[in-house]
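Q: Structure provided below as structure tokens; questions to follow.
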Amino acid sequence: MLASLDPLVEQIVATTLELTAVPAPTGDEGDRAAVVGRRLADLGLPVEHDEVGNVVSRLPLAGGRVPPVDAPALVVSAHLDTVFGRDVALEPRRDGERLLGPGIGDDTVALAALLALAGELAASPPPTPVVLAATVGEEGLGDLRGAKHLLRSVPTRAFVAVEGHLLDDLVTGGIGALRLCATYRGSGGHSWGDRGAASAAHALLVAGAAALKAVPAGRHVNVGVIEAGTTVNAIAAEARLLVDLRDEDDGRLRRTATLVRRALEAAPRGIHATVEQVGHRPAGQTPRDHPLLRAARAARADVGLPRAREDSGSTECNAAFPLGIPTVCVGITRGADMHRTSEWVAIPPIADGIAALRALVRRASAEDSGV
Ligand SMILES: [Zn+2]
């Protein structure tokens, strides 16, 4: 069985190396989207670049029939973007049984697997509508822009997100994340000559400390970024703070955010404070006995993979929960150092990853799948 998979794994390896070399910072995914779009078109598949930058392919059905656009589809996606800016040298390489490079597993090997799957489904079309998508805005402050738009614009029966590193996992739930950006502005001035004038930096420190104090025990917040002032002997005219809140329960997440927000909005005279929500990944959970999850478990068993760890995570699945769309995130291989330039993935497990993905899509797109 493995021998017949080898050319496919080689193809995924080559595509992974090719795509990893194309920069795709969050918000600037166009170059990589163009390559993915061309590869889908080369397979003879329809390709749409939607208004937020996703690459979307609605696959033809058996017999060459084009599914109606309003027919709910099984949607399978991998994200285009990486956490690396254009200043980071992307020099993907193969070293023995490993592939190395920034973003190579998160999520480039999954994009390559998606293209391999596209090739197979072009040759052997599914019985019910399947849409493949390469999405924008998964990382950083992208706020799942691509997945959210995709799931609102494409009628979706079930949503499968593919991540490069997660071969031992099925992500069936979403940790909610909510991001706030607080900005403080004042008139600034000379640290001695204008002494007494309100400082945006001081306002940030006081409000930030109060916000941390306002967080109930057991809840999780992270002040990830603080920026303030320009030099040591000037009163800061501007200061900014970015905070990330996480919770498995979306209602509780929003309640904590309200407390944090109220504390951050407090500012002394002479300082104008604004607090904006800059992102929300809603929490949620696909029911454990949903046919999609049963299909995902069975697909692993089909190809001899052990039972997966089933857990919550922060993936594109979060975009599906508020819409009531059943969803799961599956992996392609194993690796380490996500979000670091030293990131790597193992080549041999790709054979099982693509086989399980193929089996899941076959099962979930079957007429009688119940998905
Ligand atoms: Zn990812």
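Within each chain, counting starts at residue 1; across the structure tokens, chains are named A, B, ... in the order shown, with ligands numbered 1 upward in that order.
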I'd like a table as JSON lines: residues in chain A with an atom no more than 7 Å from ligand 1, each row giving the shortest atom pair and its distance in Å to one decimal, only C-alpha atoms and all ligand atoms counted, sorted by chain and rising residue number.

A:
{"residue": "A:His79", "atom": "CA", "partner": "ligand 1", "partner_atom_place_in_ligand_line": "1 (Zn)", "distance": 6.5}
{"residue": "A:Asp106", "atom": "CA", "partner": "ligand 1", "partner_atom_place_in_ligand_line": "1 (Zn)", "distance": 4.4}
{"residue": "A:Asp107", "atom": "CA", "partner": "ligand 1", "partner_atom_place_in_ligand_line": "1 (Zn)", "distance": 4.8}
{"residue": "A:Glu138", "atom": "CA", "partner": "ligand 1", "partner_atom_place_in_ligand_line": "1 (Zn)", "distance": 6.8}
{"residue": "A:Glu139", "atom": "CA", "partner": "ligand 1", "partner_atom_place_in_ligand_line": "1 (Zn)", "distance": 6.9}
{"residue": "A:Glu163", "atom": "CA", "partner": "ligand 1", "partner_atom_place_in_ligand_line": "1 (Zn)", "distance": 5.6}
{"residue": "A:Thr315", "atom": "CA", "partner": "ligand 1", "partner_atom_place_in_ligand_line": "1 (Zn)", "distance": 6.8}

Q: Considering only C-alpha atoms, return as a short mmCIF file (atom, residue, chain, number, x, y, z; two decimals) with all heavy atoms, in the first residue's frame whatever protein or nucleic-acid residues lie within 8 Å of A:Val154, sequence-local ones (same chain, fewer than 2 positions apart) excluded.

A:
data_model
loop_
_atom_site.label_atom_id
_atom_site.label_comp_id
_atom_site.auth_asym_id
_atom_site.auth_seq_id
_atom_site.Cartn_x
_atom_site.Cartn_y
_atom_site.Cartn_z
N VAL A 69 -24.78 26.39 -7.09
CA VAL A 69 -24.03 27.15 -6.08
C VAL A 69 -24.70 27.15 -4.73
O VAL A 69 -24.04 27.35 -3.70
CB VAL A 69 -23.79 28.63 -6.50
CG1 VAL A 69 -22.68 28.72 -7.51
CG2 VAL A 69 -25.06 29.28 -6.97
N ASP A 70 -26.03 26.90 -4.70
CA ASP A 70 -26.70 26.92 -3.39
C ASP A 70 -26.79 25.53 -2.75
O ASP A 70 -27.37 25.37 -1.70
CB ASP A 70 -28.10 27.54 -3.52
CG ASP A 70 -28.95 26.84 -4.57
OD1 ASP A 70 -28.40 25.96 -5.28
OD2 ASP A 70 -30.14 27.15 -4.67
N PRO A 72 -25.56 22.81 -0.47
CA PRO A 72 -24.59 22.79 0.65
C PRO A 72 -23.45 21.81 0.39
O PRO A 72 -23.67 20.68 -0.03
CB PRO A 72 -25.44 22.35 1.84
CG PRO A 72 -26.85 22.66 1.47
CD PRO A 72 -26.92 22.48 -0.02
N ALA A 73 -22.25 22.28 0.64
CA ALA A 73 -21.06 21.49 0.29
C ALA A 73 -20.28 21.08 1.54
O ALA A 73 -20.41 21.69 2.60
CB ALA A 73 -20.15 22.33 -0.60
N LEU A 150 -15.56 32.76 3.94
CA LEU A 150 -15.85 31.54 3.18
C LEU A 150 -17.14 30.89 3.66
O LEU A 150 -18.02 30.54 2.86
CB LEU A 150 -14.67 30.58 3.37
CG LEU A 150 -14.76 29.22 2.67
CD1 LEU A 150 -14.53 29.41 1.17
CD2 LEU A 150 -13.73 28.25 3.24
N LEU A 151 -17.26 30.74 4.98
CA LEU A 151 -18.40 30.00 5.53
C LEU A 151 -19.69 30.81 5.47
O LEU A 151 -20.78 30.25 5.54
CB LEU A 151 -18.11 29.53 6.95
CG LEU A 151 -16.94 28.54 7.05
CD1 LEU A 151 -16.67 28.15 8.50
CD2 LEU A 151 -17.22 27.29 6.22
N ARG A 152 -19.56 32.12 5.33
CA ARG A 152 -20.76 32.94 5.14
C ARG A 152 -21.18 32.97 3.68
O ARG A 152 -22.34 33.17 3.37
CB ARG A 152 -20.53 34.37 5.65
CG ARG A 152 -20.79 34.50 7.14
CD ARG A 152 -20.79 35.97 7.57
NE ARG A 152 -19.94 36.14 8.75
CZ ARG A 152 -18.78 36.77 8.75
NH1 ARG A 152 -18.31 37.33 7.66
NH2 ARG A 152 -18.09 36.86 9.86
N THR A 156 -22.57 25.64 3.49
CA THR A 156 -21.66 24.61 3.99
C THR A 156 -22.40 23.59 4.86
O THR A 156 -23.06 23.95 5.82
CB THR A 156 -20.53 25.26 4.81
OG1 THR A 156 -19.87 26.24 3.98
CG2 THR A 156 -19.51 24.24 5.27
#

Q: What are the closest atom pairs, with distances in Å to one decimal, for all residues of stretch 110-195 of chain A lying within 8 Å of stretch 5-18 of chain A? Consider only C-alpha atoms, order rows by chain and residue number, and present the result as JSON lines.

A:
{"residue": "A:Leu111", "atom": "CA", "partner": "A:Thr16", "partner_atom": "CA", "distance": 7.6}
{"residue": "A:Ala112", "atom": "CA", "partner": "A:Ile12", "partner_atom": "CA", "distance": 5.3}
{"residue": "A:Ala113", "atom": "CA", "partner": "A:Ile12", "partner_atom": "CA", "distance": 6.0}
{"residue": "A:Ala116", "atom": "CA", "partner": "A:Ile12", "partner_atom": "CA", "distance": 6.6}

Q: Neighbouring residues of stretch 125-134 of chain A were defined as those with any atom within 10 Å, considering only C-alpha atoms; residues of the same chain fewer than 6 positions away were excluded. Please report them as a PDB file with C-alpha atoms, in the first residue's frame.

A:
ATOM      1  CA  ARG A  32       0.844  32.463  -2.671  1.00  0.00           C
ATOM      2  CA  ALA A  33      -2.873  32.583  -3.566  1.00  0.00           C
ATOM      3  CA  VAL A  36      -2.358  27.873  -5.579  1.00  0.00           C
ATOM      4  CA  GLY A  37      -4.975  29.208  -8.020  1.00  0.00           C
ATOM      5  CA  LEU A  40      -5.933  24.222  -9.321  1.00  0.00           C
ATOM      6  CA  VAL A  47     -11.028  28.615  -9.524  1.00  0.00           C
ATOM      7  CA  GLU A  48     -12.429  31.702  -7.883  1.00  0.00           C
ATOM      8  CA  HIS A  49     -10.421  34.343  -6.018  1.00  0.00           C
ATOM      9  CA  GLY A  53      -8.447  36.825  -1.165  1.00  0.00           C
ATOM     10  CA  ASN A  54      -9.430  33.190  -0.566  1.00  0.00           C
ATOM     11  CA  VAL A  55      -8.882  30.741  -3.421  1.00  0.00           C
ATOM     12  CA  VAL A  56     -12.062  28.681  -3.815  1.00  0.00           C
ATOM     13  CA  SER A  57     -12.713  25.686  -6.059  1.00  0.00           C
ATOM     14  CA  ARG A  58     -16.183  24.147  -6.312  1.00  0.00           C
ATOM     15  CA  LEU A  59     -15.462  20.659  -7.632  1.00  0.00           C
ATOM     16  CA  PRO A  60     -17.462  19.145 -10.467  1.00  0.00           C
ATOM     17  CA  LEU A  61     -19.513  16.078  -9.552  1.00  0.00           C
ATOM     18  CA  ALA A  62     -19.289  12.633 -11.079  1.00  0.00           C
ATOM     19  CA  GLY A  63     -20.311  12.773 -14.751  1.00  0.00           C
ATOM     20  CA  GLY A  64     -18.943  16.319 -15.038  1.00  0.00           C
ATOM     21  CA  ARG A  65     -22.107  17.854 -13.587  1.00  0.00           C
ATOM     22  CA  VAL A  66     -21.593  21.272 -12.039  1.00  0.00           C
ATOM     23  CA  PRO A  67     -23.214  21.430  -8.598  1.00  0.00           C
ATOM     24  CA  PRO A  68     -25.634  24.331  -8.100  1.00  0.00           C
ATOM     25  CA  VAL A  69     -24.031  27.153  -6.083  1.00  0.00           C
ATOM     26  CA  ALA A  71     -26.185  23.167  -2.813  1.00  0.00           C
ATOM     27  CA  PRO A  72     -24.595  22.794   0.647  1.00  0.00           C
ATOM     28  CA  ALA A  73     -21.058  21.494   0.288  1.00  0.00           C
ATOM     29  CA  LEU A  74     -18.439  19.713   2.324  1.00  0.00           C
ATOM     30  CA  VAL A  75     -15.835  22.488   2.571  1.00  0.00           C
ATOM     31  CA  VAL A  76     -12.171  21.580   3.079  1.00  0.00           C
ATOM     32  CA  SER A  77      -9.641  24.326   3.732  1.00  0.00           C
ATOM     33  CA  ALA A  78      -6.018  25.037   4.540  1.00  0.00           C
ATOM     34  CA  HIS A  79      -4.754  28.521   5.310  1.00  0.00           C
ATOM     35  CA  LEU A  80      -2.415  30.435   3.020  1.00  0.00           C
ATOM     36  CA  ASP A  81      -0.895  32.800   5.548  1.00  0.00           C
ATOM     37  CA  ALA A 110      -1.528  21.164   4.444  1.00  0.00           C
ATOM     38  CA  LEU A 111      -1.940  23.408   1.376  1.00  0.00           C
ATOM     39  CA  LEU A 114      -5.103  20.001  -0.339  1.00  0.00           C
ATOM     40  CA  LEU A 115      -3.704  20.340  -3.874  1.00  0.00           C
ATOM     41  CA  LEU A 117      -6.492  15.903  -2.855  1.00  0.00           C
ATOM     42  CA  ALA A 118      -7.722  18.272  -5.573  1.00  0.00           C
ATOM     43  CA  GLY A 119      -5.820  16.232  -8.151  1.00  0.00           C
ATOM     44  CA  GLY A 146     -10.817  34.143   5.218  1.00  0.00           C
ATOM     45  CA  ALA A 147     -12.625  31.269   6.936  1.00  0.00           C
ATOM     46  CA  LEU A 150     -15.850  31.542   3.179  1.00  0.00           C
ATOM     47  CA  VAL A 154     -20.479  29.211   0.564  1.00  0.00           C
ATOM     48  CA  PRO A 155     -23.466  27.129   1.783  1.00  0.00           C
ATOM     49  CA  THR A 156     -21.659  24.608   3.989  1.00  0.00           C
ATOM     50  CA  ARG A 157     -22.839  21.215   5.238  1.00  0.00           C
ATOM     51  CA  ALA A 158     -19.649  20.493   7.137  1.00  0.00           C
ATOM     52  CA  PHE A 159     -16.245  22.139   7.410  1.00  0.00           C
ATOM     53  CA  VAL A 160     -12.893  20.365   7.572  1.00  0.00           C
ATOM     54  CA  ALA A 161      -9.844  22.498   8.382  1.00  0.00           C
ATOM     55  CA  VAL A 361     -13.555  13.317   2.322  1.00  0.00           C
ATOM     56  CA  ARG A 362     -14.781  10.084   0.688  1.00  0.00           C
ATOM     57  CA  ALA A 364     -18.200  12.621   4.446  1.00  0.00           C
ATOM     58  CA  SER A 365     -19.145  13.279   0.803  1.00  0.00           C
ATOM     59  CA  ALA A 366     -20.910   9.930   0.357  1.00  0.00           C
ATOM     60  CA  GLU A 367     -24.641  10.211  -0.414  1.00  0.00           C
TER      61      GLU A 367
END

Q: Tell me, which residues of stretch 192-351 of chain A carry DSSP strand (DSSP E or B), written as a VMD selection string?

A: chain A and resid 220 to 228 234 to 235 238 to 247 272 to 281 284 to 285 309 to 313 327 to 331 335 to 336 344 to 346

Q: Print the selection's residues with N, CA and C atoms to a file, as a compact mmCIF listing (two decimals), in the first residue's frame.

A:
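As written to disk, selection.txt reads:
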# COMPACT_ATOMS: atom_id res chain seq x y z
N HIS A 220 -8.18 33.56 31.61
CA HIS A 220 -6.85 33.76 31.03
C HIS A 220 -6.79 34.98 30.12
N VAL A 221 -5.89 35.89 30.46
CA VAL A 221 -5.64 37.02 29.56
C VAL A 221 -4.13 37.15 29.37
N ASN A 222 -3.75 37.69 28.24
CA ASN A 222 -2.34 37.93 27.97
C ASN A 222 -2.17 39.30 27.34
N VAL A 223 -1.44 40.17 28.05
CA VAL A 223 -1.08 41.45 27.44
C VAL A 223 0.12 41.16 26.54
N GLY A 224 -0.11 41.13 25.25
CA GLY A 224 0.94 40.70 24.32
C GLY A 224 1.81 41.82 23.82
N VAL A 225 1.25 43.02 23.71
CA VAL A 225 1.99 44.15 23.13
C VAL A 225 1.72 45.40 23.95
N ILE A 226 2.80 46.13 24.25
CA ILE A 226 2.67 47.48 24.83
C ILE A 226 3.59 48.40 24.04
N GLU A 227 3.05 49.50 23.58
CA GLU A 227 3.87 50.50 22.89
C GLU A 227 3.52 51.86 23.49
N ALA A 228 4.55 52.67 23.78
CA ALA A 228 4.25 53.98 24.36
C ALA A 228 5.42 54.93 24.20
N ALA A 234 10.32 62.94 27.33
CA ALA A 234 9.07 63.52 26.83
C ALA A 234 7.90 62.81 27.50
N ILE A 235 6.86 63.57 27.79
CA ILE A 235 5.62 62.96 28.29
C ILE A 235 4.99 62.23 27.10
N GLU A 238 1.15 59.21 23.23
CA GLU A 238 0.36 58.09 22.75
C GLU A 238 0.87 56.78 23.33
N ALA A 239 -0.06 55.88 23.64
CA ALA A 239 0.30 54.56 24.15
C ALA A 239 -0.75 53.56 23.68
N ARG A 240 -0.32 52.32 23.52
CA ARG A 240 -1.22 51.31 22.96
C ARG A 240 -0.93 49.97 23.62
N LEU A 241 -1.97 49.21 23.84
CA LEU A 241 -1.85 47.91 24.50
C LEU A 241 -2.75 46.92 23.77
N LEU A 242 -2.22 45.72 23.53
CA LEU A 242 -3.02 44.66 22.89
C LEU A 242 -3.16 43.50 23.86
N VAL A 243 -4.38 43.07 24.08
CA VAL A 243 -4.61 41.99 25.03
C VAL A 243 -5.43 40.87 24.38
N ASP A 244 -5.06 39.65 24.72
CA ASP A 244 -5.68 38.44 24.16
C ASP A 244 -6.36 37.70 25.32
N LEU A 245 -7.65 37.44 25.20
CA LEU A 245 -8.39 36.70 26.23
C LEU A 245 -8.81 35.36 25.64
N ARG A 246 -8.72 34.30 26.45
CA ARG A 246 -9.09 32.96 25.96
C ARG A 246 -10.02 32.26 26.95
N ASP A 247 -10.95 31.50 26.40
CA ASP A 247 -11.85 30.71 27.24
C ASP A 247 -12.53 29.65 26.39
N HIS A 272 -7.34 60.69 26.35
CA HIS A 272 -8.50 60.10 25.69
C HIS A 272 -8.21 58.61 25.46
N ALA A 273 -9.04 57.77 26.06
CA ALA A 273 -8.85 56.32 25.93
C ALA A 273 -9.88 55.74 24.97
N THR A 274 -9.44 54.90 24.05
CA THR A 274 -10.39 54.15 23.21
C THR A 274 -10.02 52.68 23.27
N VAL A 275 -11.03 51.83 23.40
CA VAL A 275 -10.80 50.39 23.43
C VAL A 275 -11.62 49.76 22.31
N GLU A 276 -10.92 49.06 21.45
CA GLU A 276 -11.59 48.43 20.31
C GLU A 276 -11.43 46.92 20.39
N GLN A 277 -12.45 46.21 20.00
CA GLN A 277 -12.30 44.75 19.82
C GLN A 277 -11.68 44.53 18.45
N VAL A 278 -10.50 43.89 18.39
CA VAL A 278 -9.82 43.71 17.11
C VAL A 278 -9.85 42.25 16.65
N GLY A 279 -10.58 41.42 17.37
CA GLY A 279 -10.70 40.04 16.90
C GLY A 279 -11.55 39.23 17.84
N HIS A 280 -12.25 38.25 17.27
CA HIS A 280 -13.05 37.33 18.09
C HIS A 280 -13.10 35.99 17.38
N ARG A 281 -12.50 34.97 17.98
CA ARG A 281 -12.62 33.60 17.50
C ARG A 281 -13.59 32.93 18.46
N GLY A 284 -16.57 26.92 20.76
CA GLY A 284 -17.65 26.02 20.38
C GLY A 284 -17.18 24.58 20.39
N GLN A 285 -18.10 23.67 20.09
CA GLN A 285 -17.78 22.24 20.13
C GLN A 285 -18.71 21.50 19.17
N ARG A 309 -6.10 11.96 19.72
CA ARG A 309 -6.46 12.78 20.88
C ARG A 309 -7.54 13.73 20.38
N GLU A 310 -8.66 13.83 21.11
CA GLU A 310 -9.72 14.76 20.68
C GLU A 310 -9.78 15.90 21.67
N ASP A 311 -9.61 17.09 21.17
CA ASP A 311 -9.45 18.22 22.07
C ASP A 311 -9.91 19.51 21.40
N SER A 312 -9.91 20.57 22.20
CA SER A 312 -10.21 21.89 21.66
C SER A 312 -8.93 22.58 21.25
N GLY A 313 -9.03 23.48 20.29
CA GLY A 313 -7.86 24.22 19.86
C GLY A 313 -8.29 25.57 19.32
N THR A 327 -17.85 20.80 12.42
CA THR A 327 -16.49 21.05 11.94
C THR A 327 -15.48 20.20 12.69
N VAL A 328 -14.37 19.91 12.03
CA VAL A 328 -13.26 19.21 12.65
C VAL A 328 -11.98 19.68 11.97
N CYS A 329 -10.89 19.69 12.74
CA CYS A 329 -9.59 20.00 12.15
C CYS A 329 -8.73 18.75 12.21
N VAL A 330 -8.15 18.39 11.06
CA VAL A 330 -7.31 17.19 10.97
C VAL A 330 -5.90 17.59 10.55
N GLY A 331 -4.94 16.70 10.81
CA GLY A 331 -3.54 17.01 10.51
C GLY A 331 -2.99 16.18 9.36
N GLY A 335 5.60 17.41 13.50
CA GLY A 335 6.77 18.28 13.40
C GLY A 335 6.93 19.08 14.66
N ALA A 336 7.67 20.18 14.57
CA ALA A 336 7.90 21.03 15.75
C ALA A 336 8.26 22.44 15.32
N TRP A 344 9.95 22.56 11.41
CA TRP A 344 10.16 21.40 10.53
C TRP A 344 8.99 20.44 10.63
N VAL A 345 8.83 19.62 9.59
CA VAL A 345 7.85 18.52 9.62
C VAL A 345 8.53 17.25 9.10
N ALA A 346 8.01 16.11 9.55
CA ALA A 346 8.52 14.81 9.11
C ALA A 346 7.84 14.39 7.81

Q: Quick one: of A:Asp249, A:Asp337, A:Asp368, A:Glu265, who's nearest to A:His165, counting only C-alpha atoms?

A: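 Of A:Asp249, A:Asp337, A:Asp368, A:Glu265, the one nearest A:His165 is A:Asp337, counting only C-alpha atoms.
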
Q: Just list as a count of residues only whatever in stretch 96-339 of chain A DSSP marks as alpha helix (DSSP H).

A: 67

Q: A:Ala267, A:Ala200, A:Thr172, A:Val215: which is nearest A:Ala283, counting only C-alpha atoms?

A: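 With only C-alpha atoms as the atom set, the closest residue is A:Thr172.
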
Q: Residues near stretch 347-360 of chain A, anyone? I mean within 6 Å using only C-alpha atoms, not counting same-chain ones fewer than 3 positions away, as a PyMOL selection string.

A: chain A and resi 9+97-98+295-296+299-300+332-333+363-364

Q: Include N, CA, C and O atoms and write out the residues we just selected as a tab-separated table (two decimals), in the first residue's frame.

A:
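Heads up, here's the output in part_27.tsv:
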chain	number	residue	atom	x	y	z
A	9	VAL	N	3.35	11.24	-2.05
A	9	VAL	CA	4.11	11.92	-0.99
A	9	VAL	C	5.21	12.78	-1.62
A	9	VAL	O	5.43	13.92	-1.22
A	97	GLU	N	14.74	12.86	6.30
A	97	GLU	CA	13.30	12.61	6.38
A	97	GLU	C	12.53	13.82	6.90
A	97	GLU	O	11.39	13.70	7.33
A	98	ARG	N	13.17	14.98	6.85
A	98	ARG	CA	12.50	16.20	7.31
A	98	ARG	C	12.42	17.25	6.22
A	98	ARG	O	13.28	17.34	5.36
A	295	ALA	N	-17.05	10.02	11.01
A	295	ALA	CA	-16.34	9.81	9.74
A	295	ALA	C	-14.84	10.05	9.90
A	295	ALA	O	-14.02	9.32	9.34
A	296	ALA	N	-14.49	11.06	10.69
A	296	ALA	CA	-13.06	11.38	10.89
A	296	ALA	C	-12.36	10.25	11.65
A	296	ALA	O	-11.23	9.88	11.33
A	299	ALA	N	-12.10	7.26	9.30
A	299	ALA	CA	-11.09	7.49	8.26
A	299	ALA	C	-9.70	7.16	8.79
A	299	ALA	O	-8.88	6.57	8.08
A	300	ARG	N	-9.44	7.51	10.04
A	300	ARG	CA	-8.14	7.17	10.64
A	300	ARG	C	-7.99	5.66	10.74
A	300	ARG	O	-6.93	5.11	10.43
A	332	ILE	N	-1.80	16.54	8.91
A	332	ILE	CA	-1.16	15.84	7.79
A	332	ILE	C	0.10	15.09	8.23
A	332	ILE	O	0.41	14.02	7.75
A	333	THR	N	0.86	15.68	9.15
A	333	THR	CA	2.08	15.02	9.60
A	333	THR	C	2.43	15.49	11.01
A	333	THR	O	1.55	16.02	11.71
A	363	ARG	N	-15.71	9.53	2.85
A	363	ARG	CA	-16.80	9.15	3.76
A	363	ARG	C	-17.80	10.29	3.92
A	363	ARG	O	-19.02	10.07	3.85
A	364	ALA	N	-17.30	11.50	4.14
A	364	ALA	CA	-18.20	12.62	4.45
A	364	ALA	C	-18.95	13.13	3.22
A	364	ALA	O	-19.97	13.81	3.36

Q: Show me, as a PDB file with N, CA, C and O atoms, in the first residue's frame, the residues that have an atom within 9 Å of A:Ala237 when counting only C-alpha atoms, minus same-chain residues fewer than 6 positions from it.

A:
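Output file part.pdb follows:
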ATOM      1  N   TYR A 184      -4.318  55.198  24.178  1.00  0.00           N
ATOM      2  CA  TYR A 184      -4.390  56.364  25.057  1.00  0.00           C
ATOM      3  C   TYR A 184      -3.695  57.525  24.357  1.00  0.00           C
ATOM      4  O   TYR A 184      -2.580  57.369  23.852  1.00  0.00           O
ATOM      5  N   ARG A 185      -4.397  58.679  24.315  1.00  0.00           N
ATOM      6  CA  ARG A 185      -3.806  59.844  23.637  1.00  0.00           C
ATOM      7  C   ARG A 185      -3.910  61.083  24.518  1.00  0.00           C
ATOM      8  O   ARG A 185      -4.940  61.327  25.127  1.00  0.00           O
ATOM      9  N   GLY A 186      -2.822  61.846  24.540  1.00  0.00           N
ATOM     10  CA  GLY A 186      -2.828  63.108  25.276  1.00  0.00           C
ATOM     11  C   GLY A 186      -2.007  64.129  24.524  1.00  0.00           C
ATOM     12  O   GLY A 186      -1.640  63.913  23.364  1.00  0.00           O
ATOM     13  N   SER A 187      -1.701  65.259  25.186  1.00  0.00           N
ATOM     14  CA  SER A 187      -1.006  66.326  24.454  1.00  0.00           C
ATOM     15  C   SER A 187       0.514  66.145  24.485  1.00  0.00           C
ATOM     16  O   SER A 187       1.237  66.813  23.759  1.00  0.00           O
ATOM     17  N   GLY A 188       1.027  65.271  25.377  1.00  0.00           N
ATOM     18  CA  GLY A 188       2.476  65.067  25.434  1.00  0.00           C
ATOM     19  C   GLY A 188       3.180  66.285  26.015  1.00  0.00           C
ATOM     20  O   GLY A 188       2.589  67.075  26.761  1.00  0.00           O
ATOM     21  N   GLY A 189       4.457  66.466  25.701  1.00  0.00           N
ATOM     22  CA  GLY A 189       5.193  67.633  26.170  1.00  0.00           C
ATOM     23  C   GLY A 189       6.540  67.256  26.776  1.00  0.00           C
ATOM     24  O   GLY A 189       6.938  66.092  26.772  1.00  0.00           O
ATOM     25  N   ALA A 198      -0.937  65.198  31.650  1.00  0.00           N
ATOM     26  CA  ALA A 198      -1.242  63.764  31.713  1.00  0.00           C
ATOM     27  C   ALA A 198      -0.410  62.995  30.694  1.00  0.00           C
ATOM     28  O   ALA A 198      -0.234  63.434  29.557  1.00  0.00           O
ATOM     29  N   SER A 199       0.083  61.839  31.125  1.00  0.00           N
ATOM     30  CA  SER A 199       0.909  60.997  30.253  1.00  0.00           C
ATOM     31  C   SER A 199       0.105  59.801  29.767  1.00  0.00           C
ATOM     32  O   SER A 199      -0.527  59.090  30.563  1.00  0.00           O
ATOM     33  N   ALA A 200       0.166  59.564  28.477  1.00  0.00           N
ATOM     34  CA  ALA A 200      -0.522  58.394  27.905  1.00  0.00           C
ATOM     35  C   ALA A 200       0.104  57.101  28.430  1.00  0.00           C
ATOM     36  O   ALA A 200      -0.590  56.117  28.667  1.00  0.00           O
ATOM     37  N   ALA A 201       1.432  57.127  28.657  1.00  0.00           N
ATOM     38  CA  ALA A 201       2.107  55.921  29.164  1.00  0.00           C
ATOM     39  C   ALA A 201       1.654  55.599  30.584  1.00  0.00           C
ATOM     40  O   ALA A 201       1.392  54.448  30.916  1.00  0.00           O
ATOM     41  N   ALA A 228       4.551  52.671  23.784  1.00  0.00           N
ATOM     42  CA  ALA A 228       4.248  53.981  24.359  1.00  0.00           C
ATOM     43  C   ALA A 228       5.424  54.925  24.196  1.00  0.00           C
ATOM     44  O   ALA A 228       6.579  54.512  24.290  1.00  0.00           O
ATOM     45  N   GLY A 229       5.101  56.187  23.974  1.00  0.00           N
ATOM     46  CA  GLY A 229       6.101  57.238  24.015  1.00  0.00           C
ATOM     47  C   GLY A 229       7.136  57.167  22.908  1.00  0.00           C
ATOM     48  O   GLY A 229       7.120  56.268  22.060  1.00  0.00           O
ATOM     49  N   THR A 230       8.030  58.190  22.937  1.00  0.00           N
ATOM     50  CA  THR A 230       9.048  58.274  21.903  1.00  0.00           C
ATOM     51  C   THR A 230      10.450  58.395  22.493  1.00  0.00           C
ATOM     52  O   THR A 230      11.410  57.940  21.892  1.00  0.00           O
ATOM     53  N   ILE A 271      -6.391  62.689  29.032  1.00  0.00           N
ATOM     54  CA  ILE A 271      -6.080  61.508  28.211  1.00  0.00           C
ATOM     55  C   ILE A 271      -7.376  60.965  27.633  1.00  0.00           C
ATOM     56  O   ILE A 271      -8.377  60.811  28.348  1.00  0.00           O
TER      57      ILE A 271
END

Q: Env of A:Pro23: 9 Å cut, atoms = only C-alpha atoms, seq-sep filter 6 positions within chain, self excluded. Answer as an NGL selection string.

A: :A and (29 or 31-32 or 81-82 or 84-86 or 88 or 90)

Q: Any chance you can output those residues with N, CA and C atoms as a tab-separated table (two decimals), in the first residue's frame?

A:
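What landed in selection_8.tsv:
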chain	number	residue	atom	x	y	z
A	29	GLU	N	-1.35	37.79	1.29
A	29	GLU	CA	-1.24	36.40	0.83
A	29	GLU	C	-1.34	36.25	-0.69
A	31	ASP	N	0.49	36.58	-3.41
A	31	ASP	CA	1.45	35.85	-4.24
A	31	ASP	C	1.21	34.34	-4.12
A	32	ARG	N	1.04	33.90	-2.87
A	32	ARG	CA	0.84	32.46	-2.67
A	32	ARG	C	-0.53	32.04	-3.21
A	81	ASP	N	-1.81	31.86	4.88
A	81	ASP	CA	-0.89	32.80	5.55
A	81	ASP	C	0.01	32.13	6.58
A	82	THR	N	1.13	32.80	6.82
A	82	THR	CA	2.09	32.38	7.84
A	82	THR	C	2.33	33.57	8.78
A	84	PHE	N	5.14	34.85	9.30
A	84	PHE	CA	6.42	35.47	8.93
A	84	PHE	C	6.24	36.62	7.95
A	85	GLY	N	6.89	37.74	8.23
A	85	GLY	CA	6.84	38.90	7.36
A	85	GLY	C	7.73	38.71	6.14
A	86	ARG	N	7.65	39.67	5.22
A	86	ARG	CA	8.44	39.58	3.99
A	86	ARG	C	9.93	39.72	4.24
A	88	VAL	N	11.58	38.00	6.41
A	88	VAL	CA	12.15	36.72	6.85
A	88	VAL	C	12.59	35.90	5.64
A	90	LEU	N	13.02	32.92	3.46
A	90	LEU	CA	12.33	31.64	3.33
A	90	LEU	C	13.21	30.74	2.48

Q: One decimal, in Å: what's the spacing between atom CA of A:Asp250 and atom CA of A:Gly105?

A: 28.7 Å

Q: Between atom CA of A:Pro25 and atom CA of A:Gly137, measure the distance and give it in Å to one decimal.

A: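 Separation between atom CA of A:Pro25 and atom CA of A:Gly137: 8.7 Å.
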
Q: Rounded to one decimal, what separation in Å do you get between atom CA of A:Gly103 and atom CA of A:Asp302?

A: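 Separating atom CA of A:Gly103 from atom CA of A:Asp302 is a distance of 29.2 Å.
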